[in-house]
Amino acid sequence: MSFNITKETAWCPGCGNLSIRQALKKALDELDLSTDDLLVSAGIGQAGKLPQFIDVNAFAGLHGRALPVAIGMKLSNHKMKVLVSGGDGDSLGEGGNHLIHAIRRNIDIVQLVHDNQVYGLTKGQASPTTPQGQKAAMSYTGSRPYPMHPLTLALTMGAGFVARGFAGDIEGLKEIIKEALKFRGYAIIDILQPCPSWNKINTFQWYKERVKPLGDDYDPTDFNKAYELSLKWEDEIPTGILYKKERPIYEENFSFINGDALVDRKLDPKDAQVLIDDLR
Amino acid sequence: MDYNILIAGAAGQGMDTVVANLNKVLQRSGYHLWTNADYKSRVRGGHNFFQIRFSEDEITSHKDELDMIFALNKESIDYHIDRLKKEKSIAIIDESIEGYEDDNRVKKYPMNEKSKQIGNPKLLSSIGLGIIMKFFGLNLDIAKDIIAEKFKDEILEMNKKALDYGYSLEDSIYKLEKIDWDNILINGNQAVALGAVAAGCKFYCGYPMTPSSGVLDYMFRASEKLDIAVEQVEDEVAALNMALGASFTGVRAMTGSSGGGIALMQEAISLQGVTETPIVLINVMRPAPATGLPTYTEQSDLRFMMHAGHGEFPRYITAPRNAQDAFDKTVKSFDIAEKYQLISMILSDQYLADVDTTLDPFNLDEITINRYLANPDDYKKGEYKRYEITENGISPRLIPAHANGNFVMADSDEHNELGRIDESADNRVKMVDKRAKKFELLKEDVEEPWEYGAEDFDILAVCFGSIHGNLKEAIDILNDEGMKIKGLSFGDIYPLPTGKLSKYQKKAHKFVVVEQNHDEQFESLIRQQLLIKPDKSIRKYDGRQMSRDFLVEKLKEI
């Protein structure tokens with residue numbers, strides 16, 4: 001079993017999304033998953049286009065709204081793996097409130113944040129992760145607000161799987177995605193990627209000089225260390241699984257968790273009789 | 001027989017308990033019941049009231065004249081005393097309330113003091129219940145049984161004492177016998193939720209918002225007994241997206257809110273349109289704009305629901321006329337949503353949501369669930385197209401992991417048959433036409449309005465939704481007095497079924513549209529669809545549902 005990817009894409013040559021798709025495909029294939037094992041929820045933007053170019057069950061919805069869709073998916077069929085795909089604007093800007101509350105739930109899904117510090121599809125505006133002062137379309141004197149640190153936010157909200165990947169390290173990213181898919185609970189991967197068309201600062205070369213994979217001796221259960229590394233940016237940017245700790249997942253709050261997926265239940269109007277009797 | 005009790009006071013004084021227990025007493029006594037609420041958006045204080053009307057016969061409206069008032073503060077009696085019948089009536093107030101010495105209908109008792117004496121100020125509600133039961137000559141044991149279902153030991157004994165004390169205070173003016181009728185006690189919100197459960201809804205989510213919260217709350221209660229995923233979401237933007245995610249994955253899903261919450265869902269309403277993911281949405285209307293009157297009623301979101309969401313796509317809108325209809329139309333909404341892969345909108349309102357009625361228990365044997373799914377075996381791997389162009393516009397629907405190895409893709413971009421982005425002009429036209437075709441088919445499935453009143457008529461009065469019961473009683477009264485009025489009450493409202501309306505409108509000397517809003521929204525729809533202009537409109541937009549008595553006066557003026 002192997003996931004089919006399309007020959008053509010709508011991404012620019014050198015786009016980090018191409019490498020991310022490759023890492024994802026490898027991860028899915030190496031985990032021996034099939035079409036029937038996976039649901040993808042995607043937003044809008046260049047990253048949101050991911051399911052256009054790989055054959056998966058997918059709901060390609062609205063900008064910023066991929067997380068609520070993913071939660072609806074997971075609760076309806078908790079036997080399937082659910083993956084969210086979106087860019088930094090999609091996941092952190094338009095979808096910011098959903099992000100906070102998805103983490104609070106600790107529902108068993110994987111969120112990929114394709115993070116290039118710029119809006120691609122709308123042509124180069126500043127995103128929530130654009131460094132303060134960095135020039136962008138519509139931010140001609142430099143981006144005004146302080147940038148968001150998505151992984152710091154995720155850690156402080158209580159996320160159990162917090163990782164940073166780099167689109168230029170396909171093997172490393174693949175391994176992170178595999179671990180995230182195996183993790184029981186909410187997992188976020190902030191994937192650093194160059195945008196050759198719109199981000200002339202954080203280029204492939206810029207990343208290459210700074211990205212440094214975590215060593216084998218790194219302890220991913222050390223929250224304070226993970227917090228510290230989540231903020232590191234300027235000279236050295238650590239990649240890998242910064243934090244990993246399982247806790248009870250959201251689905252365990254629901255009565256269906258020990259049975260068939262809700263989608264596989266037989267529907268019977270007479271189930272409502274017990275409620276009618278209560279109204280007598 | 002036809003009696004009307006008003007229970008009024010400030011929020012937090014315990015009225016809810018009296019009303020809940022009295023409703024239950026009247027239900028178990030086998031009476032038809034119509035209890036409506038008038039409350040303010042606050043947890044303490046203010047002036048709130050409930051009107052509990054009951055009869056041996058079916059009743060479908062609140063009315064103005066009162067047989068009894070149980071008032072917990074001075075404001076409450078001052079405000080309503082003019083509506084109390086001159087004879088065979090009573091108003092009960094605490095002895096601490098000043099005034100009314102000369103009105104022999106008003107009785108003062110030391111209820112607050114006695115409650116504390118028995119053991120708890122909250123016992124006032126049981127004293128009140130005792131007085132009401134005695135006045136109507138109802139069997140006190142029924143009340144004691146109901147209290148015993150809620151409390152035990154010391155609290156139960158104290159409540160029984162309070163009931164006995166209340167029962168000892170008055171003479172029985174009536175002697176009401178128990179009627180043998182197996183019935184259920186339910187309000188509009190509960191009826192919608194129960195309809196959803198009966199229709200096989202496995203996913204419901206929402207954000208608390210009055211007056212729609214009752215649906216969400218009931219679904220949570222239901223999920224304690226049945227395997228249903230019910231979720232309180234971070235905002236209404238999440239709500240509809242989440243429900244769409246659930247439906248895409250293959251379960252029957254629903255969400256709901258009131259006006260402001262629905263406004264936040266509009267982006268996803270449009271998403272429903274392009275992805276053709278079946279969904280049911282309820283709007284329990286309240287007066288707007290913006291926060292408006294959060295706990296009151298209005299029919300002012302009709303136009304909004306007809307147009308909610310950007311772009312063009314089909315939708316079904318139904319406005320339930322009573323609790324039974326709310327149940328039936330919720331079941332139908334799920335069927336329509338999956339049959340045509342569109343959004344079914346249920347347009348309820350605060351009045352219907354909060355009216356408690358007694359009904360024959362819902363008959364679940366009459367419900368069949370059809371999912372309208374394609375057969376996965378008809379599609380070899382690589383052959384399935386989620387948005388296949390078909391003659392009638394309805395594409396074969398399969399669900400993920402139940403598609404014979406095929407992947408299923410829904411897309412908010414304009415897409416090709418496979419579900420992938422396609423921005424070509426040719427494809428765009430095909431897809432718009434495909435979606436639009438479903439609306440034409442839907443017209444075959446909308447139900448003509450309920451018809452009542454005079455066969456041979458001068459006046460045709462038309463309404464939609466929860467006004468039905470109020471209008472019907474008004475027309476019955478006026479026809480008894482010699483007027484000739486026919487009524488039409490629309491439930492299914494969009495696409496508008498026009499058969500009966502165009503037929504009867506031609507025969508009427510006067511054609512009047514009745515609606516609970518300012519802008520003549522229903523009238524506008526009729527004018528748009530039939531190119532006819534009503535002779536008169538009866539409208540009310542003060543947040544309080546028009547009563548049958550209001551309608552009697554207004555119809556007489558025509």
# chains A, B, ... in the order shown; residues from 1 in each chain; ligands from 1
>>> residues_around(residues="Leu267 of chain A", least_positions_apart="3", cutoff="8 Å", atoms="only C-alpha atoms", output="list of chain:residue names")
B:Ala199, B:Gly200, B:Ile369
>>> write_last_selection(atoms="all heavy atoms", output="PDB file, in the first residue's frame")
ATOM      1  N   ALA B 199     -34.102  10.682  14.658  1.00  0.00           N
ATOM      2  CA  ALA B 199     -33.646  10.633  13.263  1.00  0.00           C
ATOM      3  C   ALA B 199     -32.244  10.041  13.144  1.00  0.00           C
ATOM      4  O   ALA B 199     -31.701   9.940  12.052  1.00  0.00           O
ATOM      5  CB  ALA B 199     -33.675  12.040  12.662  1.00  0.00           C
ATOM      6  N   GLY B 200     -31.649   9.689  14.283  1.00  0.00           N
ATOM      7  CA  GLY B 200     -30.332   9.049  14.234  1.00  0.00           C
ATOM      8  C   GLY B 200     -29.177  10.029  14.283  1.00  0.00           C
ATOM      9  O   GLY B 200     -28.053   9.689  13.900  1.00  0.00           O
ATOM     10  N   ILE B 369     -35.407   5.655   8.597  1.00  0.00           N
ATOM     11  CA  ILE B 369     -34.179   6.408   8.324  1.00  0.00           C
ATOM     12  C   ILE B 369     -33.581   5.906   7.021  1.00  0.00           C
ATOM     13  O   ILE B 369     -33.244   4.730   6.888  1.00  0.00           O
ATOM     14  CB  ILE B 369     -33.166   6.233   9.483  1.00  0.00           C
ATOM     15  CG1 ILE B 369     -33.740   6.840  10.775  1.00  0.00           C
ATOM     16  CG2 ILE B 369     -31.828   6.903   9.121  1.00  0.00           C
ATOM     17  CD1 ILE B 369     -32.894   6.600  12.012  1.00  0.00           C
TER      18      ILE B 369
END
>>> select_by_dssp(residues="segment 9-198 of chain A", states="strand (DSSP E)", output="JSON, numbers by chain")
{"A": [38, 39, 40, 41, 42, 57, 58, 59, 60, 81, 82, 83, 84, 85, 86, 87, 110, 111, 112, 113, 114, 115, 161, 162, 163, 164, 165, 166, 187, 188, 189, 190, 191, 192]}
>>> write_last_selection(atoms="C-alpha atoms", output="PDB file, in the first residue's frame")
ATOM      1  CA  LEU A  38      -6.665   8.408   7.375  1.00  0.00           C
ATOM      2  CA  LEU A  39      -8.758  11.569   7.281  1.00  0.00           C
ATOM      3  CA  VAL A  40      -7.228  14.902   6.373  1.00  0.00           C
ATOM      4  CA  SER A  41      -8.717  18.271   7.217  1.00  0.00           C
ATOM      5  CA  ALA A  42      -7.157  21.195   5.421  1.00  0.00           C
ATOM      6  CA  ASN A  57      -9.871  11.229   2.322  1.00  0.00           C
ATOM      7  CA  ALA A  58     -10.015  14.953   2.789  1.00  0.00           C
ATOM      8  CA  PHE A  59     -12.228  17.816   3.696  1.00  0.00           C
ATOM      9  CA  ALA A  60     -10.617  20.865   2.142  1.00  0.00           C
ATOM     10  CA  LYS A  81      -6.192   8.826  12.174  1.00  0.00           C
ATOM     11  CA  VAL A  82      -6.880  12.506  11.604  1.00  0.00           C
ATOM     12  CA  LEU A  83      -4.341  14.932  10.201  1.00  0.00           C
ATOM     13  CA  VAL A  84      -4.691  18.695   9.906  1.00  0.00           C
ATOM     14  CA  SER A  85      -2.794  20.665   7.311  1.00  0.00           C
ATOM     15  CA  GLY A  86      -2.479  24.435   7.141  1.00  0.00           C
ATOM     16  CA  GLY A  87      -0.054  27.308   6.955  1.00  0.00           C
ATOM     17  CA  VAL A 110      -1.934  15.599  14.308  1.00  0.00           C
ATOM     18  CA  GLN A 111      -1.628  19.217  13.250  1.00  0.00           C
ATOM     19  CA  LEU A 112       0.937  20.210  10.632  1.00  0.00           C
ATOM     20  CA  VAL A 113       1.716  23.924  10.602  1.00  0.00           C
ATOM     21  CA  HIS A 114       3.520  24.724   7.360  1.00  0.00           C
ATOM     22  CA  ASP A 115       5.341  27.761   8.722  1.00  0.00           C
ATOM     23  CA  PHE A 161       3.404  16.310  21.582  1.00  0.00           C
ATOM     24  CA  VAL A 162       5.271  19.428  20.497  1.00  0.00           C
ATOM     25  CA  ALA A 163       7.736  19.242  17.636  1.00  0.00           C
ATOM     26  CA  ARG A 164       9.553  21.406  15.125  1.00  0.00           C
ATOM     27  CA  GLY A 165      10.447  20.105  11.706  1.00  0.00           C
ATOM     28  CA  PHE A 166      12.311  21.520   8.747  1.00  0.00           C
ATOM     29  CA  ALA A 187       0.289  16.595  18.413  1.00  0.00           C
ATOM     30  CA  ILE A 188       1.562  19.739  16.759  1.00  0.00           C
ATOM     31  CA  ILE A 189       4.466  19.987  14.326  1.00  0.00           C
ATOM     32  CA  ASP A 190       5.655  23.459  13.396  1.00  0.00           C
ATOM     33  CA  ILE A 191       7.365  22.882  10.072  1.00  0.00           C
ATOM     34  CA  LEU A 192       9.833  25.531   9.003  1.00  0.00           C
TER      35      LEU A 192
END
>>> closest_atom_pairs(of="chain A", to="chain B", cutoff="6 Å", atoms="only C-alpha atoms", output="JSON lines")
{"residue": "A:Asp36", "atom": "CA", "partner": "B:Ala401", "partner_atom": "CA", "distance": 4.2}
{"residue": "A:Gln52", "atom": "CA", "partner": "B:Arg420", "partner_atom": "CA", "distance": 5.8}
{"residue": "A:Val56", "atom": "CA", "partner": "B:Phe407", "partner_atom": "CA", "distance": 5.4}
{"residue": "A:Asn57", "atom": "CA", "partner": "B:Val408", "partner_atom": "CA", "distance": 4.8}
{"residue": "A:Ala58", "atom": "CA", "partner": "B:Met409", "partner_atom": "CA", "distance": 4.8}
{"residue": "A:Phe59", "atom": "CA", "partner": "B:Ala410", "partner_atom": "CA", "distance": 4.8}
{"residue": "A:Ala60", "atom": "CA", "partner": "B:Asp411", "partner_atom": "CA", "distance": 4.7}
{"residue": "A:Gly61", "atom": "CA", "partner": "B:Ser412", "partner_atom": "CA", "distance": 5.2}
{"residue": "A:Pro68", "atom": "CA", "partner": "B:Met242", "partner_atom": "CA", "distance": 4.5}
{"residue": "A:Val69", "atom": "CA", "partner": "B:Gly245", "partner_atom": "CA", "distance": 4.1}
{"residue": "A:Gly72", "atom": "CA", "partner": "B:Ala246", "partner_atom": "CA", "distance": 4.2}
{"residue": "A:Met73", "atom": "CA", "partner": "B:Ala246", "partner_atom": "CA", "distance": 4.8}
{"residue": "A:Ser76", "atom": "CA", "partner": "B:Ala246", "partner_atom": "CA", "distance": 5.5}
{"residue": "A:Ser255", "atom": "CA", "partner": "B:Asp227", "partner_atom": "CA", "distance": 5.8}
{"residue": "A:Phe256", "atom": "CA", "partner": "B:Asp227", "partner_atom": "CA", "distance": 5.5}
{"residue": "A:Val263", "atom": "CA", "partner": "B:Val251", "partner_atom": "CA", "distance": 5.1}
{"residue": "A:Leu267", "atom": "CA", "partner": "B:Gly200", "partner_atom": "CA", "distance": 5.3}
{"residue": "A:Pro269", "atom": "CA", "partner": "B:Ala198", "partner_atom": "CA", "distance": 4.2}
{"residue": "A:Lys270", "atom": "CA", "partner": "B:Leu364", "partner_atom": "CA", "distance": 5.9}
{"residue": "A:Ala272", "atom": "CA", "partner": "B:Ala198", "partner_atom": "CA", "distance": 5.3}
{"residue": "A:Leu279", "atom": "CA", "partner": "B:Ile184", "partner_atom": "CA", "distance": 5.1}
{"residue": "A:Arg280", "atom": "CA", "partner": "B:Ile184", "partner_atom": "CA", "distance": 4.6}
>>> write_last_selection(atoms="N, CA, C and O atoms", output="PDB file, in the first residue's frame")
ATOM      1  N   ASP A  36      -8.126   3.956   3.901  1.00  0.00           N
ATOM      2  CA  ASP A  36      -9.203   3.850   4.883  1.00  0.00           C
ATOM      3  C   ASP A  36      -8.778   4.159   6.320  1.00  0.00           C
ATOM      4  O   ASP A  36      -9.600   4.140   7.233  1.00  0.00           O
ATOM      5  N   GLN A  52      -4.992  18.370  -2.280  1.00  0.00           N
ATOM      6  CA  GLN A  52      -5.244  18.435  -3.725  1.00  0.00           C
ATOM      7  C   GLN A  52      -4.239  17.567  -4.472  1.00  0.00           C
ATOM      8  O   GLN A  52      -4.483  17.161  -5.599  1.00  0.00           O
ATOM      9  N   VAL A  56      -6.036  11.242  -0.628  1.00  0.00           N
ATOM     10  CA  VAL A  56      -6.461  10.895   0.740  1.00  0.00           C
ATOM     11  C   VAL A  56      -7.919  11.317   0.928  1.00  0.00           C
ATOM     12  O   VAL A  56      -8.413  12.170   0.202  1.00  0.00           O
ATOM     13  N   ASN A  57      -8.571  10.722   1.914  1.00  0.00           N
ATOM     14  CA  ASN A  57      -9.871  11.229   2.322  1.00  0.00           C
ATOM     15  C   ASN A  57      -9.647  12.617   2.887  1.00  0.00           C
ATOM     16  O   ASN A  57      -8.858  12.769   3.829  1.00  0.00           O
ATOM     17  N   ALA A  58     -10.318  13.605   2.321  1.00  0.00           N
ATOM     18  CA  ALA A  58     -10.015  14.953   2.789  1.00  0.00           C
ATOM     19  C   ALA A  58     -11.212  15.866   2.718  1.00  0.00           C
ATOM     20  O   ALA A  58     -12.042  15.775   1.805  1.00  0.00           O
ATOM     21  N   PHE A  59     -11.269  16.719   3.707  1.00  0.00           N
ATOM     22  CA  PHE A  59     -12.228  17.816   3.696  1.00  0.00           C
ATOM     23  C   PHE A  59     -11.396  19.079   3.579  1.00  0.00           C
ATOM     24  O   PHE A  59     -10.727  19.483   4.528  1.00  0.00           O
ATOM     25  N   ALA A  60     -11.361  19.633   2.377  1.00  0.00           N
ATOM     26  CA  ALA A  60     -10.617  20.865   2.142  1.00  0.00           C
ATOM     27  C   ALA A  60     -11.581  22.017   2.393  1.00  0.00           C
ATOM     28  O   ALA A  60     -12.352  22.389   1.527  1.00  0.00           O
ATOM     29  N   GLY A  61     -11.549  22.516   3.616  1.00  0.00           N
ATOM     30  CA  GLY A  61     -12.576  23.466   4.051  1.00  0.00           C
ATOM     31  C   GLY A  61     -12.162  24.913   3.939  1.00  0.00           C
ATOM     32  O   GLY A  61     -11.611  25.343   2.919  1.00  0.00           O
ATOM     33  N   PRO A  68     -11.724  22.594  13.839  1.00  0.00           N
ATOM     34  CA  PRO A  68     -13.067  22.120  14.201  1.00  0.00           C
ATOM     35  C   PRO A  68     -13.537  20.980  13.303  1.00  0.00           C
ATOM     36  O   PRO A  68     -14.151  20.013  13.801  1.00  0.00           O
ATOM     37  N   VAL A  69     -13.264  21.068  12.021  1.00  0.00           N
ATOM     38  CA  VAL A  69     -13.647  19.980  11.111  1.00  0.00           C
ATOM     39  C   VAL A  69     -12.979  18.680  11.555  1.00  0.00           C
ATOM     40  O   VAL A  69     -13.614  17.618  11.636  1.00  0.00           O
ATOM     41  N   GLY A  72     -14.674  17.172  14.559  1.00  0.00           N
ATOM     42  CA  GLY A  72     -15.909  16.491  14.140  1.00  0.00           C
ATOM     43  C   GLY A  72     -15.614  15.147  13.514  1.00  0.00           C
ATOM     44  O   GLY A  72     -16.309  14.151  13.751  1.00  0.00           O
ATOM     45  N   MET A  73     -14.536  15.095  12.725  1.00  0.00           N
ATOM     46  CA  MET A  73     -14.123  13.835  12.091  1.00  0.00           C
ATOM     47  C   MET A  73     -13.761  12.786  13.141  1.00  0.00           C
ATOM     48  O   MET A  73     -14.221  11.642  13.109  1.00  0.00           O
ATOM     49  N   SER A  76     -16.528  11.315  15.161  1.00  0.00           N
ATOM     50  CA  SER A  76     -17.447  10.486  14.379  1.00  0.00           C
ATOM     51  C   SER A  76     -16.830   9.149  13.986  1.00  0.00           C
ATOM     52  O   SER A  76     -17.536   8.169  13.789  1.00  0.00           O
ATOM     53  N   SER A 255     -19.015   8.171  25.663  1.00  0.00           N
ATOM     54  CA  SER A 255     -19.449   6.798  25.917  1.00  0.00           C
ATOM     55  C   SER A 255     -19.132   5.861  24.756  1.00  0.00           C
ATOM     56  O   SER A 255     -19.027   4.659  24.938  1.00  0.00           O
ATOM     57  N   PHE A 256     -18.948   6.407  23.552  1.00  0.00           N
ATOM     58  CA  PHE A 256     -18.731   5.524  22.405  1.00  0.00           C
ATOM     59  C   PHE A 256     -17.307   4.980  22.330  1.00  0.00           C
ATOM     60  O   PHE A 256     -17.020   4.087  21.543  1.00  0.00           O
ATOM     61  N   VAL A 263     -19.834   6.254  13.284  1.00  0.00           N
ATOM     62  CA  VAL A 263     -20.243   6.128  11.892  1.00  0.00           C
ATOM     63  C   VAL A 263     -20.679   4.694  11.550  1.00  0.00           C
ATOM     64  O   VAL A 263     -21.447   4.478  10.620  1.00  0.00           O
ATOM     65  N   LEU A 267     -28.510   2.904  12.926  1.00  0.00           N
ATOM     66  CA  LEU A 267     -29.425   3.936  13.407  1.00  0.00           C
ATOM     67  C   LEU A 267     -30.815   3.359  13.601  1.00  0.00           C
ATOM     68  O   LEU A 267     -31.359   2.730  12.698  1.00  0.00           O
ATOM     69  N   PRO A 269     -34.598   4.580  15.171  1.00  0.00           N
ATOM     70  CA  PRO A 269     -35.429   5.606  15.825  1.00  0.00           C
ATOM     71  C   PRO A 269     -35.864   5.191  17.232  1.00  0.00           C
ATOM     72  O   PRO A 269     -36.031   6.036  18.109  1.00  0.00           O
ATOM     73  N   LYS A 270     -36.011   3.887  17.443  1.00  0.00           N
ATOM     74  CA  LYS A 270     -36.511   3.419  18.749  1.00  0.00           C
ATOM     75  C   LYS A 270     -35.526   3.667  19.890  1.00  0.00           C
ATOM     76  O   LYS A 270     -35.882   3.572  21.063  1.00  0.00           O
ATOM     77  N   ALA A 272     -34.728   6.373  20.787  1.00  0.00           N
ATOM     78  CA  ALA A 272     -35.248   7.577  21.464  1.00  0.00           C
ATOM     79  C   ALA A 272     -36.341   7.253  22.470  1.00  0.00           C
ATOM     80  O   ALA A 272     -36.743   8.126  23.248  1.00  0.00           O
ATOM     81  N   LEU A 279     -40.242  11.640  29.806  1.00  0.00           N
ATOM     82  CA  LEU A 279     -41.100  12.834  29.732  1.00  0.00           C
ATOM     83  C   LEU A 279     -42.522  12.554  30.200  1.00  0.00           C
ATOM     84  O   LEU A 279     -43.378  13.415  30.159  1.00  0.00           O
ATOM     85  N   ARG A 280     -42.759  11.309  30.633  1.00  0.00           N
ATOM     86  CA  ARG A 280     -44.117  10.959  31.066  1.00  0.00           C
ATOM     87  C   ARG A 280     -44.423  11.518  32.437  1.00  0.00           C
ATOM     88  O   ARG A 280     -43.537  11.788  33.205  1.00  0.00           O
TER      89      ARG A 280
END
>>> closest_residue(among="A:Gln193, A:Asn97, A:Asn106, A:Thr156", to="Asn224 of chain A", atoms="only C-alpha atoms")
A:Thr156
>>> residues_around(residues="Cys15 of chain A", least_positions_apart="3", cutoff="8 Å", atoms="only C-alpha atoms", output="PyMOL selection string")
chain A and resi 11-12+18-19+193-196
>>> select_by_dssp(residues="segment 57-159 of chain A", states="helix (DSSP H, G or I)", output="ChimeraX atom specification")
/A:66-76,88-94,96-105,150-157
>>> residues_around(residues="segment 48-55 of chain B", least_positions_apart="6", cutoff="6 Å", atoms="only C-alpha atoms", output="ChimeraX atom specification")
/B:1-10,31-39
>>> closest_residue(among="B:Leu302, B:Ile142, B:Leu525, B:Ala436", to="Leu22 of chain B", atoms="only C-alpha atoms")
B:Ile142
>>> atom_distance(atom1="atom CA of Ile526 of chain B", atom2="atom CA of Ala461 of chain B")
12.9 Å
>>> residues_around(residues="Tyr119 of chain A", least_positions_apart="5", cutoff="9 Å", atoms="only C-alpha atoms", output="mmCIF file with N, CA and C atoms, in the first residue's frame")
data_model
loop_
_atom_site.group_PDB
_atom_site.id
_atom_site.type_symbol
_atom_site.label_atom_id
_atom_site.label_comp_id
_atom_site.auth_asym_id
_atom_site.auth_seq_id
_atom_site.Cartn_x
_atom_site.Cartn_y
_atom_site.Cartn_z
ATOM 1 N N GLY A 45 -5.001 28.169 1.671
ATOM 2 C CA GLY A 45 -3.666 28.736 1.568
ATOM 3 C C GLY A 45 -2.846 27.744 0.775
ATOM 4 N N GLN A 46 -1.587 28.062 0.541
ATOM 5 C CA GLN A 46 -0.760 27.120 -0.218
ATOM 6 C C GLN A 46 -0.621 25.801 0.532
ATOM 7 N N GLY A 87 -1.215 26.449 6.826
ATOM 8 C CA GLY A 87 -0.054 27.308 6.955
ATOM 9 C C GLY A 87 -0.052 28.091 8.245
ATOM 10 N N ASP A 88 0.911 29.020 8.375
ATOM 11 C CA ASP A 88 0.991 29.794 9.615
ATOM 12 C C ASP A 88 -0.168 30.768 9.738
ATOM 13 N N GLY A 89 -0.576 31.393 8.648
ATOM 14 C CA GLY A 89 -1.720 32.307 8.713
ATOM 15 C C GLY A 89 -2.996 31.552 9.037
ATOM 16 N N GLY A 124 2.404 37.403 -0.187
ATOM 17 C CA GLY A 124 3.512 37.986 0.543
ATOM 18 C C GLY A 124 3.250 38.894 1.718
ATOM 19 N N GLN A 125 2.046 38.840 2.317
ATOM 20 C CA GLN A 125 1.828 39.663 3.506
ATOM 21 C C GLN A 125 2.434 39.017 4.754
ATOM 22 N N ALA A 126 2.583 39.847 5.803
ATOM 23 C CA ALA A 126 3.130 39.332 7.066
ATOM 24 C C ALA A 126 2.155 38.343 7.694
ATOM 25 N N SER A 127 2.692 37.324 8.343
ATOM 26 C CA SER A 127 1.871 36.322 9.024
ATOM 27 C C SER A 127 2.116 36.447 10.522
ATOM 28 N N TRP A 198 8.026 34.664 -1.816
ATOM 29 C CA TRP A 198 7.654 35.833 -1.030
ATOM 30 C C TRP A 198 8.524 36.112 0.181
#
>>> residues_around(residues="Lys79 of chain A", least_positions_apart="5", cutoff="8 Å", atoms="only C-alpha atoms", output="mmCIF file with N, CA, C and O atoms, in the first residue's frame")
data_model
loop_
_atom_site.group_PDB
_atom_site.id
_atom_site.type_symbol
_atom_site.label_atom_id
_atom_site.label_comp_id
_atom_site.auth_asym_id
_atom_site.auth_seq_id
_atom_site.Cartn_x
_atom_site.Cartn_y
_atom_site.Cartn_z
ATOM 1 N N ASP A 37 -7.482 4.403 6.509
ATOM 2 C CA ASP A 37 -6.998 4.678 7.866
ATOM 3 C C ASP A 37 -6.913 6.163 8.190
ATOM 4 O O ASP A 37 -6.709 6.534 9.339
ATOM 5 N N LYS A 74 -12.909 13.201 14.071
ATOM 6 C CA LYS A 74 -12.379 12.243 15.039
ATOM 7 C C LYS A 74 -13.482 11.680 15.928
ATOM 8 O O LYS A 74 -13.490 10.476 16.240
ATOM 9 N N ALA A 261 -16.933 2.771 15.991
ATOM 10 C CA ALA A 261 -17.005 4.193 15.656
ATOM 11 C C ALA A 261 -18.471 4.578 15.453
ATOM 12 O O ALA A 261 -19.283 3.763 14.996
#
>>> residues_around(residues="Ile467 of chain B", least_positions_apart="4", cutoff="12 Å", atoms="only C-alpha atoms", output="ChimeraX atom specification")
/B:60-62,297-299,319-322,348-352,461-463,471-474,487-491,513-517,538-540,544-548,550-551
>>> closest_residue(among="B:Ile336, B:Ile346, B:Ala326, B:Ala162", to="Met285 of chain B", atoms="only C-alpha atoms")
B:Ile346
>>> atom_distance(atom1="atom CA of Gly260 of chain B", atom2="atom CA of Arg435 of chain B")
27.5 Å
>>> decode(residues="segment 45-50 of chain A", atoms="N, CA, C and O atoms", output="tab-separated table (two decimals), in the first residue's frame")
chain	number	residue	atom	x	y	z
A	45	GLY	N	-5.00	28.17	1.67
A	45	GLY	CA	-3.67	28.74	1.57
A	45	GLY	C	-2.85	27.74	0.78
A	45	GLY	O	-3.35	26.68	0.39
A	46	GLN	N	-1.59	28.06	0.54
A	46	GLN	CA	-0.76	27.12	-0.22
A	46	GLN	C	-0.62	25.80	0.53
A	46	GLN	O	-0.64	24.73	-0.07
A	47	ALA	N	-0.50	25.86	1.85
A	47	ALA	CA	-0.38	24.63	2.64
A	47	ALA	C	-1.69	23.85	2.65
A	47	ALA	O	-1.71	22.62	2.64
A	48	GLY	N	-2.80	24.59	2.69
A	48	GLY	CA	-4.12	23.96	2.69
A	48	GLY	C	-4.37	23.14	1.44
A	48	GLY	O	-5.25	22.28	1.41
A	49	LYS	N	-3.59	23.40	0.41
A	49	LYS	CA	-3.78	22.66	-0.84
A	49	LYS	C	-3.21	21.24	-0.81
A	49	LYS	O	-3.35	20.49	-1.78
A	50	LEU	N	-2.56	20.90	0.28
A	50	LEU	CA	-1.92	19.58	0.36
A	50	LEU	C	-2.79	18.44	-0.16
A	50	LEU	O	-2.34	17.64	-1.00
